[in-house]
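*Asks:* Sharing model06.cif, mmCIF, C-alpha atoms:
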data_model
loop_
_atom_site.label_atom_id
_atom_site.label_comp_id
_atom_site.auth_asym_id
_atom_site.auth_seq_id
_atom_site.Cartn_x
_atom_site.Cartn_y
_atom_site.Cartn_z
CA VAL W 1 59.42 -15.39 -24.89
CA VAL W 2 56.23 -16.06 -22.94
CA ARG W 3 53.54 -18.36 -24.31
CA LEU W 4 50.05 -18.98 -22.98
CA TYR W 5 48.08 -22.03 -24.09
CA ALA W 6 44.32 -21.94 -23.56
CA LEU W 7 41.76 -24.71 -24.01
CA MET W 8 38.37 -23.16 -24.75
CA THR W 9 34.85 -24.22 -25.71
CA HIS W 10 34.57 -21.32 -28.17
CA PRO W 11 36.66 -19.55 -30.80
CA PRO W 12 38.48 -16.45 -29.57
CA ASN W 13 36.11 -13.58 -28.89
CA LYS W 14 35.68 -11.29 -31.90
CA CYS W 15 36.40 -14.25 -34.23
CA LYS W 16 32.74 -15.31 -34.55
CA ASP W 17 32.47 -19.00 -35.51
CA ALA W 18 35.96 -19.34 -36.99
CA LYS W 19 37.41 -22.86 -36.93
CA SER W 20 40.86 -21.27 -36.82
CA CYS W 21 42.28 -17.77 -36.72
CA GLN W 22 45.51 -15.81 -36.55
CA LEU W 23 45.52 -12.46 -34.75
CA LEU W 24 48.21 -9.83 -34.34
CA LEU W 25 47.79 -7.28 -31.58
CA PRO W 26 50.11 -4.40 -32.54
CA ALA W 27 52.52 -3.30 -29.85
CA ALA W 28 51.43 0.34 -30.13
CA ALA W 29 47.78 -0.62 -29.51
CA CYS W 30 48.79 -2.62 -26.41
CA GLY W 31 51.21 -0.13 -24.86
CA ARG W 32 54.11 -2.50 -25.50
CA LYS W 33 57.37 -2.61 -27.47
CA HIS W 34 56.57 -6.03 -29.00
CA ASP W 35 53.44 -7.32 -30.75
CA ILE W 36 51.27 -10.04 -29.24
CA HIS W 37 50.60 -13.02 -31.52
CA VAL W 38 47.48 -15.18 -31.07
CA TYR W 39 46.69 -18.38 -32.94
CA SER W 40 43.64 -20.57 -32.44
CA SER W 41 42.56 -23.83 -34.00
CA SER W 42 39.67 -26.20 -33.38
CA ALA W 43 38.87 -29.90 -33.41
CA MET W 44 38.27 -29.54 -37.15
CA HIS W 45 42.07 -29.41 -37.53
CA GLY W 46 42.68 -32.31 -35.15
CA VAL W 47 44.39 -30.22 -32.45
CA SER W 48 41.76 -30.52 -29.74
CA PRO W 49 38.76 -32.67 -28.75
CA PRO W 50 35.40 -32.05 -30.47
CA GLY W 51 33.71 -28.84 -29.34
CA THR W 52 36.96 -27.23 -28.20
CA TRP W 53 39.55 -24.77 -29.48
CA LEU W 54 43.21 -24.51 -28.58
CA ALA W 55 44.69 -21.01 -28.56
CA THR W 56 48.28 -19.87 -28.20
CA ALA W 57 49.23 -16.30 -27.32
CA ALA W 58 52.88 -15.25 -27.30
CA THR W 59 55.15 -12.22 -27.05
CA VAL W 60 58.60 -11.12 -25.98
CA VAL W 61 58.86 -10.65 -22.21
CA GLU W 62 59.40 -6.97 -21.45
CA GLY W 63 59.12 -6.91 -17.66
CA ASP W 64 60.98 -8.54 -14.80
CA ILE W 65 60.48 -12.29 -14.34
CA ASP W 66 62.55 -12.91 -11.21
CA GLY W 67 60.54 -15.04 -8.79
CA ALA W 68 57.36 -14.87 -10.88
CA THR W 69 55.56 -17.99 -12.07
CA ALA W 70 55.17 -18.52 -15.80
CA MET W 71 51.43 -17.95 -15.44
CA ALA W 72 51.95 -14.62 -13.62
CA VAL W 73 54.34 -13.48 -16.36
CA ALA W 74 51.89 -14.60 -19.07
CA LYS W 75 48.96 -12.79 -17.46
CA ARG W 76 51.00 -9.58 -17.17
CA GLU W 77 52.67 -9.65 -20.60
CA LEU W 78 49.64 -10.95 -22.52
CA ALA W 79 47.00 -8.91 -20.69
CA ALA W 80 45.72 -7.37 -23.92
CA ALA W 81 45.00 -10.83 -25.39
CA LEU W 82 43.28 -12.36 -22.35
CA PRO W 83 39.80 -10.89 -23.07
CA LEU W 84 39.89 -12.68 -26.43
CA LEU W 85 40.33 -16.05 -24.72
CA LYS W 86 37.85 -15.87 -21.85
CA PRO W 87 36.26 -17.97 -20.60
CA THR W 88 38.83 -20.75 -20.71
CA ARG W 89 38.62 -24.34 -19.46
CA LYS W 90 42.37 -24.58 -18.81
CA MET W 91 45.39 -22.33 -19.25
CA LEU W 92 49.06 -23.28 -19.21
CA ALA W 93 52.03 -20.94 -19.58
CA SER W 94 55.73 -21.14 -20.31
CA VAL W 95 58.60 -18.69 -20.35
CA CYS W 96 61.52 -19.63 -22.58
CA ALA W 97 64.83 -17.98 -23.26
CA THR W 98 65.70 -17.54 -26.91
CA ALA W 99 69.03 -18.39 -28.48
CA VAL W 100 70.71 -17.09 -31.63
CA PRO W 101 73.80 -18.62 -33.26
CA ASP W 102 76.92 -16.48 -33.05
CA ALA W 103 78.71 -14.98 -36.05
CA GLU W 104 80.78 -18.14 -36.56
CA ALA W 105 77.76 -20.40 -37.02
CA GLY W 106 78.37 -22.65 -39.99
CA ALA W 107 82.11 -22.77 -39.46
CA GLY W 108 83.36 -26.32 -39.72
CA GLY W 109 80.14 -27.45 -41.39
CA LEU W 110 77.95 -27.16 -38.27
CA TYR W 111 74.85 -25.06 -38.92
CA LEU W 112 72.65 -23.95 -36.05
CA LEU W 113 69.20 -22.37 -36.12
CA SER W 114 67.81 -19.84 -33.68
CA SER W 115 65.22 -20.98 -31.18
CA CYS W 116 61.61 -20.21 -32.09
CA ASP W 117 60.58 -16.62 -31.52
CA GLU W 118 57.24 -15.24 -30.34
CA THR W 119 55.52 -15.34 -33.71
CA THR W 120 52.86 -17.98 -34.25
CA LEU W 121 53.06 -18.01 -38.03
CA PHE W 122 56.65 -19.33 -38.23
CA LYS W 123 57.64 -16.83 -40.94
CA SER W 124 61.01 -16.11 -39.30
CA LEU W 125 61.68 -19.84 -38.89
CA VAL W 126 60.92 -20.53 -42.57
CA GLU W 127 63.21 -17.66 -43.60
CA GLU W 128 66.04 -18.99 -41.44
CA VAL W 129 65.66 -22.56 -42.70
CA THR W 130 65.65 -21.28 -46.29
CA GLN W 131 68.83 -19.24 -45.67
CA THR W 132 70.54 -22.19 -43.98
CA PHE W 133 69.60 -24.50 -46.87
CA LYS W 134 71.24 -22.08 -49.31
CA SER W 135 74.35 -21.81 -47.07
CA VAL W 136 74.70 -25.59 -46.94
CA THR W 137 73.84 -26.48 -50.55
CA GLY W 138 74.57 -23.26 -52.43
CA GLU W 139 71.10 -23.54 -54.01
CA ASP W 140 67.84 -21.73 -53.48
CA PHE W 141 65.20 -23.70 -51.64
#
Can you give me the file's structure in the form of structure tokens?

*Replies:*
Amino acid sequence: VVRLYALMTHPPNKCKDAKSCQLLLPAAACGRKHDIHVYSSSAMHGVSPPGTWLATAATVVEGDIDGATAMAVAKRELAAALPLLKPTRKMLASVCATAVPDAEAGAGGLYLLSSCDETTLFKSLVEEVTQTFKSVTGEDF
């Protein structure tokens, strides 16, 4: 998964004066196999200094990353989202491997969760936590 963090003095382009927004760029519209997820929030939510917005764009890495910096990978993989973020004051990037528990997860009373995926709305994380809760307690969350 590649993530790009952008500090901006404006909401993402096309989002007018939104104090926060959640965007999904469909893979088919971006010429990709995986969607691009963009989330932005402002000082109103306490995530950045007054007059600024913090945006996160993320997706699954589809190309080669050998020898490339995280920023180079982010610019390549998230190219469709970059026009929404410009101009930026500062950009940071990270590339992270993802991990998924094997079929024997939960054996012996040890329950493991997957690492966070590329989504910025945490739906998959909530679903996994809910399933794990039921596995551990036998009750619905």

*Asks:* Please provide as a ChimeraX atom specification all residues within 7 Å of stretch 13-22 of chain W, with the sequence filter that same-chain residues fewer than 3 positions apart are discarded (counting all atoms listed in the file).

*Replies:* /W:38-42,44,84-85

*Asks:* Give me, please, the distance in Å between atom CA of W:Ala68 and atom CA of W:Met91, quoted to one decimal.

*Replies:* 16.4 Å

*Asks:* What's the separation between atom CA of W:Arg32 and atom CA of W:Arg3, in Å to one decimal place?

*Replies:*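 Distance reported for this atom pair: 15.9 Å.
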
*Asks:* Give me the residues within 7 Å of W:Ser114 as a list of chain:residue names, counting all atoms listed in the file and dropping any in the same chain fewer than 5 places off.

*Replies:*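 Here the qualifying residues turn out to be W:Ala99, W:Val100, W:Pro101.
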
*Asks:* Taking the file as I've supplied it (selection: the PyMOL selection byres ((chain W and resi 48-59) around 9)), which residues are included? Please answer as number ranges by chain.

*Replies:* W: 1-12, 19-20, 34-47, 60-62, 74, 77-78, 81-82, 85, 117-120
